[in-house]
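Enquirer: This is final15.txt (compact mmCIF, C-alpha atoms and all ligand atoms).
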# COMPACT_ATOMS: atom_id res chain seq x y z
CA MET A 1 16.22 -17.91 48.45
CA SER A 2 14.51 -16.33 51.39
CA GLN A 3 15.11 -18.28 54.57
CA SER A 4 11.88 -17.15 56.17
CA SER A 5 9.46 -17.95 53.32
CA PRO A 6 7.72 -21.31 53.18
CA PHE A 7 7.81 -21.02 49.31
CA LEU A 8 10.43 -21.13 46.58
CA LEU A 9 10.86 -17.43 45.86
CA ILE A 10 13.62 -15.90 43.79
CA PRO A 11 13.61 -12.80 41.62
CA GLN A 12 12.08 -13.91 38.31
CA PRO A 13 12.48 -11.61 35.32
CA ARG A 14 10.63 -14.14 33.12
CA ALA A 15 7.49 -13.48 35.13
CA ARG A 16 7.53 -9.73 34.65
CA TRP A 17 4.38 -9.78 32.52
CA MET A 18 1.48 -12.10 33.08
CA ARG A 19 -0.64 -13.40 30.21
CA LEU A 20 -3.15 -10.55 30.19
CA ASP A 21 -0.47 -7.84 30.64
CA THR A 22 1.15 -9.22 27.52
CA ALA A 23 -2.13 -9.21 25.62
CA GLN A 24 -2.69 -5.54 26.56
CA LEU A 25 0.68 -4.54 25.13
CA LEU A 26 0.25 -6.57 21.96
CA LYS A 27 -3.18 -5.04 21.49
CA ARG A 28 -1.60 -1.58 21.72
CA PHE A 29 0.97 -2.55 19.05
CA TYR A 30 -1.81 -3.92 16.87
CA PHE A 31 -3.68 -0.62 16.92
CA CYS A 32 -0.48 1.35 16.28
CA GLU A 33 0.43 -0.75 13.22
CA ARG A 34 -3.10 -0.70 11.92
CA THR A 35 -3.48 3.05 12.31
CA VAL A 36 -0.14 3.99 10.80
CA LEU A 37 -0.71 1.76 7.77
CA VAL A 38 -4.14 3.27 7.10
CA SER A 39 -2.64 6.79 7.03
CA CYS A 40 0.22 5.69 4.77
CA ALA A 41 -2.24 4.07 2.37
CA ALA A 42 -4.21 7.32 2.15
CA TRP A 43 -1.07 9.31 1.28
CA ILE A 44 0.19 7.18 -1.64
CA PRO A 45 -1.52 9.27 -4.38
CA ALA A 46 -0.13 12.56 -3.03
CA ILE A 47 3.51 11.45 -3.12
CA ALA A 48 5.22 11.73 -6.50
CA PRO A 49 8.31 9.49 -6.62
CA LEU A 50 7.53 6.03 -7.94
CA GLU A 51 10.00 4.46 -5.53
CA ILE A 52 8.12 5.92 -2.55
CA LYS A 53 4.73 4.81 -3.84
CA THR A 54 5.88 1.25 -4.44
CA SER A 55 7.83 1.01 -1.18
CA LEU A 56 4.99 2.47 0.87
CA ALA A 57 2.77 -0.25 -0.56
CA ARG A 58 5.27 -2.86 0.64
CA PHE A 59 5.55 -1.28 4.08
CA ILE A 60 1.77 -1.16 4.39
CA TRP A 61 1.64 -4.85 3.65
CA GLN A 62 4.38 -5.54 6.23
CA SER A 63 2.43 -3.58 8.85
CA ALA A 64 -0.76 -5.42 7.97
CA GLU A 65 0.97 -8.79 8.35
CA THR A 66 2.43 -7.71 11.70
CA ALA A 67 -0.93 -6.37 12.84
CA HIS A 68 -2.57 -9.61 11.82
CA ALA A 69 -0.04 -11.69 13.77
CA LEU A 70 -0.49 -9.41 16.79
CA ARG A 71 -4.24 -9.69 16.58
CA ASN A 72 -4.14 -13.47 16.40
CA ARG A 73 -1.72 -13.65 19.28
CA VAL A 74 -3.96 -11.48 21.43
CA PHE A 75 -6.81 -13.93 20.76
CA GLU A 76 -4.54 -16.88 21.57
CA LEU A 77 -3.85 -15.29 24.93
CA ARG A 78 -7.59 -15.55 25.59
CA PHE A 79 -8.09 -11.82 25.63
CA PRO A 80 -11.79 -11.07 25.31
CA SER A 81 -12.48 -10.48 21.61
CA ARG A 82 -14.93 -7.66 22.29
CA LEU A 83 -12.07 -5.74 23.97
CA LEU A 84 -9.85 -6.19 20.94
CA GLU A 85 -12.26 -4.15 18.84
CA GLU A 86 -11.66 -0.97 20.84
CA GLU A 87 -8.52 0.95 21.76
CA GLY A 88 -9.56 1.19 25.43
CA PRO A 89 -6.99 2.98 27.61
CA ASP A 90 -4.69 3.45 24.60
CA GLN A 91 -7.25 5.63 22.86
CA SER A 92 -5.26 8.89 23.12
CA LEU A 93 -2.18 7.18 21.73
CA ILE A 94 -4.09 5.74 18.78
CA GLU A 95 -5.71 9.12 18.13
CA LEU A 96 -2.24 10.57 17.83
CA PHE A 97 -1.21 7.82 15.43
CA SER A 98 -4.22 8.60 13.26
CA ALA A 99 -3.59 12.37 13.45
CA VAL A 100 -0.66 12.10 11.01
CA LYS A 101 -3.22 11.47 8.29
CA ASP A 102 -3.94 15.21 8.61
CA SER A 103 -0.32 16.21 8.03
CA PRO A 104 0.02 19.60 6.30
CA SER A 105 2.35 18.45 3.49
CA VAL A 106 4.16 15.44 2.03
CA PRO A 107 7.46 16.20 3.86
CA ALA A 108 5.52 16.78 7.11
CA PHE A 109 3.82 13.43 6.71
CA LEU A 110 7.05 11.57 5.93
CA LEU A 111 8.89 13.26 8.78
CA SER A 112 6.22 12.60 11.40
CA VAL A 113 5.88 8.94 10.45
CA GLY A 114 9.55 8.20 9.73
CA ASN A 115 11.09 10.26 12.51
CA VAL A 116 8.54 9.91 15.28
CA LEU A 117 5.99 7.10 14.97
CA LEU A 118 8.12 4.35 13.43
CA PRO A 119 11.07 4.90 15.82
CA ALA A 120 8.60 4.77 18.73
CA LEU A 121 7.40 1.38 17.48
CA ARG A 122 10.98 0.20 16.91
CA ASP A 123 11.93 1.10 20.48
CA SER A 124 8.84 -0.54 21.92
CA TYR A 125 9.43 -3.77 20.02
CA GLN A 126 13.04 -3.80 21.19
CA SER A 127 11.94 -3.29 24.79
CA TYR A 128 9.23 -5.90 24.47
CA LEU A 129 11.60 -8.52 23.04
CA ALA A 130 14.14 -7.79 25.77
CA ALA A 131 11.69 -7.90 28.68
CA SER A 132 9.16 -10.57 27.71
CA ASP A 133 9.64 -14.28 28.21
CA SER A 134 10.89 -16.08 25.11
CA ILE A 135 9.62 -19.37 26.51
CA ALA A 136 6.04 -18.55 27.45
CA ASP A 137 5.71 -15.92 24.73
CA GLY A 138 7.87 -17.59 22.07
CA PRO A 139 5.26 -17.26 19.29
CA THR A 140 5.30 -13.47 19.69
CA HIS A 141 9.10 -13.37 19.62
CA ARG A 142 9.20 -14.89 16.16
CA PHE A 143 6.97 -12.37 14.39
CA LEU A 144 7.94 -9.36 16.47
CA SER A 145 11.63 -9.89 15.68
CA LEU A 146 10.72 -9.81 12.01
CA ALA A 147 8.60 -6.70 12.58
CA LEU A 148 11.57 -5.03 14.28
CA THR A 149 13.85 -5.80 11.31
CA GLU A 150 11.22 -4.36 8.99
CA LYS A 151 10.89 -1.22 11.12
CA LEU A 152 14.64 -0.62 10.84
CA GLU A 153 14.44 -0.85 7.04
CA GLN A 154 11.35 1.38 6.94
CA ILE A 155 12.98 4.07 9.08
CA THR A 156 16.07 4.15 6.84
CA ALA A 157 13.88 4.51 3.75
CA TYR A 158 11.80 7.29 5.33
CA GLU A 159 14.97 9.19 6.25
CA ARG A 160 16.09 9.09 2.62
CA TRP A 161 12.66 10.08 1.30
CA THR A 162 12.30 12.93 3.78
CA ARG A 163 15.65 14.37 2.70
CA SER A 164 14.75 14.19 -0.98
CA GLU A 165 11.19 15.51 -0.56
CA LEU A 166 12.44 18.39 1.62
CA SER A 167 14.93 19.33 -1.06
CA ARG A 168 12.16 19.20 -3.69
CA ASN A 169 9.88 21.34 -1.46
CA PRO A 170 12.25 23.59 0.51
CA GLU A 171 9.41 26.01 1.35
CA SER A 172 7.77 23.34 3.50
CA ARG A 173 10.90 22.61 5.56
CA ALA A 174 10.05 24.78 8.59
CA SER A 175 6.42 23.71 8.82
CA ALA A 176 7.34 20.03 8.34
CA HIS A 177 9.72 20.19 11.30
CA GLU A 178 7.19 22.09 13.41
CA TRP A 179 4.60 19.45 12.62
CA ALA A 180 6.90 16.52 13.43
CA ASN A 181 7.91 18.24 16.67
CA ALA A 182 4.26 18.69 17.61
CA VAL A 183 3.65 14.97 16.99
CA ALA A 184 6.77 14.07 19.02
CA ASP A 185 5.74 16.37 21.91
CA ARG A 186 2.26 14.91 22.05
CA LEU A 187 3.71 11.41 21.95
CA SER A 188 6.02 12.12 24.86
CA GLN A 189 3.14 13.69 26.84
CA LEU A 190 1.36 10.37 26.36
CA GLY A 191 4.41 8.46 27.57
CA GLY A 192 5.35 7.13 24.11
CA VAL A 193 4.22 3.76 22.80
CA GLY A 194 6.49 1.97 25.23
CA VAL A 195 5.81 -1.17 27.19
CA GLY A 196 4.41 0.53 30.27
CA ALA A 197 0.96 1.26 31.56
CA PRO A 198 -1.22 3.39 29.28
CA PRO A 199 -1.47 7.08 30.18
CA ALA A 200 -4.54 8.52 31.87
CA ALA A 201 -6.94 9.49 29.07
CA THR A 202 -6.60 13.11 28.01
CA ALA A 203 -8.70 15.12 25.62
CA ALA A 204 -5.98 16.88 23.67
CA GLY A 205 -7.71 18.27 20.58
CA PRO A 206 -6.21 18.59 17.09
CA LEU A 207 -2.48 19.11 16.64
CA PRO A 208 -1.36 22.63 15.73
CA GLY A 209 -0.80 22.96 11.97
CA SER A 210 -2.97 20.01 10.96
CA LYS A 211 -4.80 20.07 7.66
CA ALA A 212 -7.86 17.88 7.20
CA TYR A 213 -7.01 15.04 4.82
CA SER A 214 -8.78 14.94 1.48
CA ILE A 215 -8.36 12.51 -1.41
CA PRO A 216 -6.31 14.25 -4.13
CA ASP A 217 -8.28 14.84 -7.34
CA ARG A 218 -5.16 14.25 -9.40
CA PRO A 219 -2.38 11.84 -8.43
CA ALA A 220 1.18 13.15 -8.02
CA ARG A 221 3.48 11.83 -10.72
CA ASP A 222 7.20 11.16 -10.67
CA PRO A 223 8.76 13.96 -12.78
CA ARG A 224 11.36 11.58 -14.21
CA PHE A 225 8.74 10.12 -16.58
CA TRP A 226 6.87 11.49 -19.60
CA PRO A 227 3.71 12.90 -17.99
CA CYS A 228 0.35 12.29 -19.63
CA ARG A 229 -3.21 11.25 -18.93
CA PHE A 230 -3.46 8.45 -21.53
CA TYR A 231 -0.38 6.28 -21.62
CA TRP A 232 -0.70 4.38 -24.91
CA PRO A 233 -2.36 5.15 -28.25
CA ASP A 234 -4.84 2.27 -28.04
CA VAL A 235 -6.44 3.87 -24.96
CA VAL A 236 -7.62 6.83 -27.02
CA ASP A 237 -7.76 5.25 -30.50
CA SER A 238 -9.62 1.95 -30.74
CA THR A 239 -8.15 1.29 -34.22
CA PHE A 240 -4.61 1.26 -32.82
CA PRO A 241 -3.58 -2.40 -32.40
CA TYR A 242 -2.44 -3.81 -29.06
CA GLY A 243 0.21 -5.44 -31.20
CA GLU A 244 2.32 -8.53 -31.53
CA GLY A 245 6.04 -9.21 -31.19
CA MET A 246 8.11 -6.31 -29.99
CA GLN A 247 5.07 -4.03 -29.80
CA LEU A 248 3.36 -6.49 -27.47
CA GLN A 249 6.48 -6.71 -25.29
CA LEU A 250 6.57 -2.92 -25.00
CA ARG A 251 2.83 -2.47 -24.57
CA SER A 252 2.74 -5.02 -21.80
CA ALA A 253 5.66 -3.44 -19.94
CA ILE A 254 4.11 0.05 -20.26
CA SER A 255 0.86 -1.41 -18.91
CA HIS A 256 2.65 -2.88 -15.94
CA LEU A 257 4.46 0.38 -15.21
CA ASN A 258 1.16 2.24 -15.39
CA GLU A 259 -0.37 0.02 -12.73
CA VAL A 260 0.76 2.87 -10.52
CA TRP A 261 -2.94 3.85 -10.64
CA ALA A 262 -3.79 0.51 -9.01
CA ILE A 263 -1.38 1.16 -6.11
CA GLU A 264 -3.04 4.53 -5.57
CA SER A 265 -6.57 3.16 -5.79
CA GLY A 266 -5.62 0.31 -3.48
CA GLY A 267 -4.33 2.73 -0.87
CA LEU A 268 -7.34 5.02 -1.14
CA MET A 269 -9.92 2.28 -0.84
CA LEU A 270 -8.05 0.65 2.03
CA SER A 271 -8.20 3.84 4.07
CA ALA A 272 -11.70 4.88 2.94
CA PHE A 273 -13.28 1.66 4.25
CA ALA A 274 -10.89 0.89 7.13
CA ASP A 275 -13.51 1.79 9.74
CA VAL A 276 -16.48 0.42 7.82
CA LEU A 277 -15.35 -3.10 6.97
CA PRO A 278 -13.83 -5.75 9.25
CA TRP A 279 -10.07 -6.13 9.88
CA GLU A 280 -9.72 -8.68 7.07
CA TRP A 281 -10.53 -5.89 4.63
CA ILE A 282 -7.45 -3.95 5.66
CA ARG A 283 -5.32 -7.05 5.44
CA ASP A 284 -6.60 -8.01 1.97
CA ALA A 285 -6.44 -4.43 0.66
CA ALA A 286 -2.86 -4.09 1.92
CA ARG A 287 -1.82 -7.26 0.10
CA TRP A 288 -3.71 -6.09 -2.98
CA THR A 289 -1.97 -2.70 -2.94
CA TYR A 290 1.40 -4.36 -2.47
CA ASP A 291 0.75 -6.78 -5.35
CA GLU A 292 -0.08 -3.86 -7.66
CA SER A 293 3.16 -2.18 -6.62
CA ARG A 294 5.03 -5.35 -7.64
CA HIS A 295 3.30 -5.31 -11.04
CA CYS A 296 4.29 -1.67 -11.49
CA ARG A 297 7.89 -2.48 -10.61
CA MET A 298 7.90 -5.44 -13.00
CA GLY A 299 7.13 -3.07 -15.89
CA TYR A 300 9.62 -0.47 -14.73
CA GLU A 301 12.42 -2.99 -14.30
CA ARG A 302 11.79 -4.59 -17.71
CA LEU A 303 11.83 -1.25 -19.50
CA ILE A 304 15.02 -0.17 -17.73
CA ALA A 305 16.65 -3.56 -18.43
CA TRP A 306 15.84 -3.06 -22.14
CA GLY A 307 17.77 0.20 -22.01
CA PHE A 308 14.97 2.81 -21.94
CA ASP A 309 15.22 6.02 -20.01
CA PRO A 310 12.32 7.03 -17.70
CA VAL A 311 11.93 10.33 -19.60
CA GLN A 312 10.81 8.30 -22.66
CA LEU A 313 8.23 6.32 -20.72
CA PRO A 314 4.63 7.58 -20.57
CA LEU A 315 3.16 7.55 -17.07
CA GLY A 316 -0.55 8.27 -17.17
CA THR A 317 -3.35 9.17 -14.81
CA TYR A 318 -6.62 8.45 -16.63
CA ILE A 319 -7.87 5.51 -14.58
CA TYR A 320 -7.22 7.34 -11.31
CA ASP A 321 -8.82 10.51 -12.72
CA SER A 322 -11.91 8.64 -13.94
CA ALA A 323 -12.93 7.84 -10.35
CA SER A 324 -12.03 11.22 -8.86
CA ARG A 325 -14.74 13.04 -6.90
CA GLU A 326 -16.82 9.83 -6.99
CA ASP A 327 -17.83 7.64 -4.06
CA PRO A 328 -14.64 5.71 -3.10
CA ILE A 329 -16.52 2.48 -3.84
CA TYR A 330 -15.51 3.24 -7.46
CA ARG A 331 -11.82 2.95 -6.55
CA LEU A 332 -12.55 -0.61 -5.53
CA GLY A 333 -14.80 -0.92 -8.57
CA MET A 334 -12.01 0.19 -10.94
CA LEU A 335 -9.66 -2.50 -9.70
CA TYR A 336 -12.40 -5.08 -10.07
CA PHE A 337 -13.37 -3.76 -13.50
CA PHE A 338 -9.87 -3.83 -15.00
CA GLU A 339 -8.88 -7.10 -13.39
CA THR A 340 -11.91 -9.03 -14.57
CA LYS A 341 -11.59 -7.39 -18.02
CA ASN A 342 -7.93 -8.34 -18.52
CA ILE A 343 -7.31 -11.52 -16.59
CA HIS A 344 -8.09 -13.90 -19.47
CA HIS A 345 -5.38 -12.25 -21.65
CA LYS A 346 -2.59 -12.86 -19.18
CA LEU A 347 -1.89 -16.53 -19.77
CA THR A 348 -2.07 -16.15 -23.56
CA ARG A 349 0.41 -13.29 -23.34
CA ALA A 350 2.73 -15.25 -21.06
CA GLN A 351 2.69 -17.99 -23.75
CA ARG A 352 3.46 -15.44 -26.50
CA PHE A 353 6.46 -14.17 -24.54
CA HIS A 354 7.59 -17.74 -24.05
CA ASP A 355 7.42 -18.26 -27.83
CA TYR A 356 9.49 -15.08 -28.38
CA GLY A 357 12.13 -16.37 -25.94
CA ASP A 358 11.42 -13.34 -23.70
CA ALA A 359 11.68 -15.15 -20.39
CA LEU A 360 11.45 -11.98 -18.32
CA SER A 361 8.09 -10.82 -19.72
CA GLU A 362 6.82 -14.39 -19.50
CA HIS A 363 7.94 -14.68 -15.87
CA ASP A 364 6.36 -11.36 -14.87
CA MET A 365 3.08 -12.04 -16.67
CA ASP A 366 2.80 -15.49 -15.16
CA PHE A 367 3.29 -14.23 -11.59
CA ASP A 368 0.95 -11.33 -12.31
CA TRP A 369 -1.74 -13.78 -13.44
CA ALA A 370 -1.47 -15.68 -10.15
CA ASP A 371 -1.93 -12.43 -8.19
CA GLU A 372 -4.87 -11.38 -10.33
CA THR A 373 -6.77 -14.56 -9.63
CA ILE A 374 -6.51 -13.69 -5.92
CA HIS A 375 -7.65 -10.14 -6.64
CA ALA A 376 -10.70 -11.16 -8.65
CA GLY A 377 -11.86 -12.98 -5.52
CA TYR A 378 -11.12 -9.98 -3.31
CA GLY A 379 -12.99 -7.63 -5.64
CA LYS A 380 -16.23 -9.54 -5.73
CA HIS A 381 -16.16 -10.44 -2.05
CA TRP A 382 -15.46 -6.94 -0.75
CA LEU A 383 -17.79 -5.13 -3.13
CA ARG A 384 -20.57 -7.39 -1.89
CA GLU A 385 -19.59 -6.84 1.75
CA LEU A 386 -19.44 -3.09 1.31
CA LEU A 387 -22.83 -2.96 -0.37
CA ALA A 388 -24.28 -5.13 2.40
CA VAL A 389 -22.83 -2.91 5.14
CA ARG A 390 -24.44 0.05 3.39
CA GLY A 391 -27.79 -1.68 3.38
CA GLU A 392 -27.73 -2.09 -0.40
CA ASP A 393 -28.17 -5.18 -2.51
CA PRO A 394 -24.87 -7.13 -2.55
CA ALA A 395 -25.71 -8.35 -6.06
CA ALA A 396 -25.32 -4.76 -7.27
CA HIS A 397 -21.55 -5.30 -7.50
CA ASP A 398 -21.99 -5.74 -11.25
CA GLN A 399 -23.64 -2.35 -11.49
CA VAL A 400 -20.63 -0.79 -9.76
CA ARG A 401 -18.38 -2.55 -12.25
CA GLU A 402 -20.48 -1.38 -15.22
CA ARG A 403 -20.51 2.21 -14.02
CA CYS A 404 -16.70 2.05 -13.80
CA GLY A 405 -16.58 1.16 -17.49
CA LYS A 406 -18.79 4.18 -18.20
CA LEU A 407 -16.71 6.52 -16.05
CA VAL A 408 -13.58 5.45 -17.93
CA SER A 409 -15.07 5.75 -21.41
CA ASP A 410 -16.51 9.20 -20.56
CA TYR A 411 -13.12 10.31 -19.33
CA VAL A 412 -11.29 8.88 -22.37
CA ALA A 413 -13.68 10.90 -24.55
CA THR A 414 -12.11 14.09 -23.13
CA ALA A 415 -8.75 13.28 -24.79
CA THR A 416 -7.63 16.20 -26.94
CA GLU A 417 -6.16 15.92 -30.41
CA GLY A 418 -2.86 17.08 -28.98
CA GLU A 419 -2.87 14.27 -26.44
CA VAL A 420 -3.64 11.68 -29.13
CA THR A 421 -0.85 12.84 -31.45
CA GLY A 422 1.49 13.26 -28.46
CA ILE A 423 1.13 9.71 -27.19
CA LYS A 424 1.38 8.29 -30.73
CA LYS A 425 4.68 10.10 -31.18
CA VAL A 426 6.02 8.82 -27.86
CA ALA A 427 4.91 5.26 -28.63
CA SER A 428 6.46 5.24 -32.09
CA ALA A 429 9.72 6.66 -30.75
CA LEU A 430 9.83 3.80 -28.21
CA MET A 431 9.12 1.24 -30.93
CA ALA A 432 11.77 2.73 -33.21
CA GLN A 433 14.35 2.59 -30.45
CA ALA A 434 13.33 -0.96 -29.55
CA ALA A 435 13.78 -2.01 -33.20
CA GLN A 436 17.36 -0.71 -33.19
CA LYS A 437 18.43 -2.67 -30.16
CA PRO A 438 20.65 -5.66 -30.84
CA ALA A 439 18.74 -8.88 -30.31
CA LYS A 440 19.62 -10.40 -26.96
CA HIS A 441 18.69 -13.91 -26.02
CA SER A 442 17.88 -14.74 -22.46
CA GLU A 443 19.95 -17.48 -20.92
FE FE A 501 -1.97 -5.72 -11.29
FE FE A 502 -4.61 -6.75 -9.46
Any chance you could give the structure as structure tokens?

Expert:
Amino acid sequence: MSQSSPFLLIPQPRARWMRLDTAQLLKRFYFCERTVLVSCAAWIPAIAPLEIKTSLARFIWQSAETAHALRNRVFELRFPSRLLEEEGPDQSLIELFSAVKDSPSVPAFLLSVGNVLLPALRDSYQSYLAASDSIADGPTHRFLSLALTEKLEQITAYERWTRSELSRNPESRASAHEWANAVADRLSQLGGVGVGAPPAATAAGPLPGSKAYSIPDRPARDPRFWPCRFYWPDVVDSTFPYGEGMQLQLRSAISHLNEVWAIESGGLMLSAFADVLPWEWIRDAARWTYDESRHCRMGYERLIAWGFDPVQLPLGTYIYDSASREDPIYRLGMLYFFETKNIHHKLTRAQRFHDYGDALSEHDMDFDWADETIHAGYGKHWLRELLAVRGEDPAAHDQVRERCGKLVSDYVATATEGEVTGIKKVASALMAQAAQKPAKHSE
């Protein structure tokens, strides 16, 4: 203690950041999480492996939950809400985070996010947790520690994906590294994410090698599966029964697997309306996309547990394709259309599976039903909000839904004879194999 001071003064690391300093940093993290998740959502359709699509959906949801906690915490710290709506002095940093949306290729995208942006967030969270006060800022410590754990898992997954995507696309190796280096250089010019003062604003222009993002017309599909547009005979032949017994078990699992279209549509609509609708849209759409990825995994895991090989399993594209080159409102519309069309079947089917003694299908269908009731609410609410923001009649959400039905039936009408016989052959081979399996009873 200083002898000459009339006050109690000792070095106080706990007081390094005052309340508003803290809020500034958390606001920066909020924008980083928000921006990186929007770009990831936009890229889901372009990336082929099913494991990457489903995991990206989960990571997007994690980022959205972290961003939401950050946002709330900034408000708790009495930061002016009007300042939370804009990046302010962190604008150049956030522009860089959004620039990865214009990555030139899938490996370039994965490398720039997984090797540059996520590690920068990891390091910043580590520094923040080490330097901030766990007493005064305890509520932040709880969720930011979780966010840090999630970042570590995300980075490990991205490293694995980048290696496999680079080996699938060796021709893009050099440009992917150049791109990631350009992102890393720009980030270091800006002083990183860090926990320091924001850099002086700089007008930097587009990154070298960037390619303006556009929504893919066709979704990339995992080559391990049987590729098709229409994934079950009843899609293209209305006389083909949905089925009972073993056929219903298979049909339902194939349906779940094919909810891959819903992950892709979820990601696209999230990013398409991220700047048009309020924050809650991003949060709901992230949860929605993640839920669809869980439904897709449910189907995949059931089919694999029954002993099928991915090469036997049809993985289609028709619902995605039906909304291609349309206003992205129809991506949202498609989810709403299919969910409201199918939700009333789910509980009956869960009961059927219960009667068969198929606890796994019953379990998955029952959880799926609970998610779908949340989604039906999301669909109606956000279609109305979007129409209102556009100055249109919010009640027109039913017209959007109806047009989705028309888009799908028009697209289904383009099925060729070869496609119809092809999918019937694949379906009957699956049913024949299923019939040969020894009956197993769940415990
Ligand atoms: Fe679903
Ligand atoms: Fe859903």

Enquirer: In Å, rounded to a single decimal, give me how far CA of Arg71 (chain A) is from CA of Pro199 (chain A).

Expert: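 Here the two named atoms are 21.8 Å from each other.
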
Enquirer: Can you work out the spacing between CA of Leu111 (chain A) and CA of Thr162 (chain A) in Å, to one decimal?

Expert: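 CA of Thr162 (chain A) lies 6.1 Å from CA of Leu111 (chain A).
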
Enquirer: Once you count all atoms listed in the file, what closest atom pair and distance in Å to one decimal does each residue of chain A within 7 Å of ligand FE 502 (chain A) have, with rows by chain and rising residue number, as JSON lines?

Expert:
{"residue": "A:Trp288", "atom": "CA", "partner": "A:FE502", "partner_atom": "FE", "distance": 6.6}
{"residue": "A:Asp291", "atom": "CA", "partner": "A:FE502", "partner_atom": "FE", "distance": 6.8}
{"residue": "A:Glu292", "atom": "CA", "partner": "A:FE502", "partner_atom": "FE", "distance": 5.7}
{"residue": "A:Leu335", "atom": "CA", "partner": "A:FE502", "partner_atom": "FE", "distance": 6.6}
{"residue": "A:Glu339", "atom": "CA", "partner": "A:FE502", "partner_atom": "FE", "distance": 5.8}
{"residue": "A:Asp371", "atom": "CA", "partner": "A:FE502", "partner_atom": "FE", "distance": 6.4}
{"residue": "A:Glu372", "atom": "CA", "partner": "A:FE502", "partner_atom": "FE", "distance": 4.7}
{"residue": "A:His375", "atom": "CA", "partner": "A:FE502", "partner_atom": "FE", "distance": 5.4}

Enquirer: Using all atoms listed in the file, which residues sit within 7 Å of region 91-106 of chain A once same-chain residues fewer than 2 positions away are excluded, as a compact mmCIF listing (two decimals) with C-alpha atoms, keeping the file's coordinate frame?

Expert:
# COMPACT_ATOMS: atom_id res chain seq x y z
CA PHE A 31 -3.68 -0.62 16.92
CA CYS A 32 -0.48 1.35 16.28
CA THR A 35 -3.48 3.05 12.31
CA VAL A 36 -0.14 3.99 10.80
CA SER A 39 -2.64 6.79 7.03
CA ILE A 47 3.51 11.45 -3.12
CA GLU A 87 -8.52 0.95 21.76
CA GLY A 88 -9.56 1.19 25.43
CA PRO A 89 -6.99 2.98 27.61
CA ALA A 108 5.52 16.78 7.11
CA PHE A 109 3.82 13.43 6.71
CA LEU A 110 7.05 11.57 5.93
CA SER A 112 6.22 12.60 11.40
CA LEU A 190 1.36 10.37 26.36
CA ALA A 201 -6.94 9.49 29.07
CA THR A 202 -6.60 13.11 28.01
CA GLY A 209 -0.80 22.96 11.97
CA SER A 210 -2.97 20.01 10.96
CA LYS A 211 -4.80 20.07 7.66
CA ALA A 212 -7.86 17.88 7.20
CA TYR A 213 -7.01 15.04 4.82

Enquirer: Residues within 12 Å of ligand FE 501 (chain A) should be enumerated using only C-alpha atoms and all ligand atoms and returned as JSON, numbers by chain.

Expert: {"A": [252, 253, 255, 256, 257, 258, 259, 260, 261, 262, 263, 264, 265, 266, 287, 288, 289, 290, 291, 292, 293, 294, 295, 296, 297, 298, 299, 334, 335, 336, 337, 338, 339, 340, 341, 342, 343, 346, 364, 365, 366, 367, 368, 369, 370, 371, 372, 373, 374, 375, 376]}

Enquirer: Which is closer to Leu407 (chain A) than all the others in A:Asp355, A:Asp393, A:Asp321, A:Glu419, using all atoms listed in the file?

Expert: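 Between A:Asp355, A:Asp393, A:Asp321, A:Glu419, the residue approaching Leu407 (chain A) most closely is A:Asp321.
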
Enquirer: Could you tell me how far CA of Lys425 (chain A) lies from CA of Pro314 (chain A), in Å and to one decimal?

Expert: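 Interatomic distance, CA of Lys425 (chain A) to CA of Pro314 (chain A): 10.9 Å.
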
Enquirer: Starting from the point (0.7, 5.8, -4.5), work out which residues of protein, DNA or RNA have an atom no more than 8 Å away when counting all atoms listed in the file; state them as an MDAnalysis selection string.

Expert: chainID A and resid 41 43:48 50 52:54 56:57 219 260:261 263:265 267
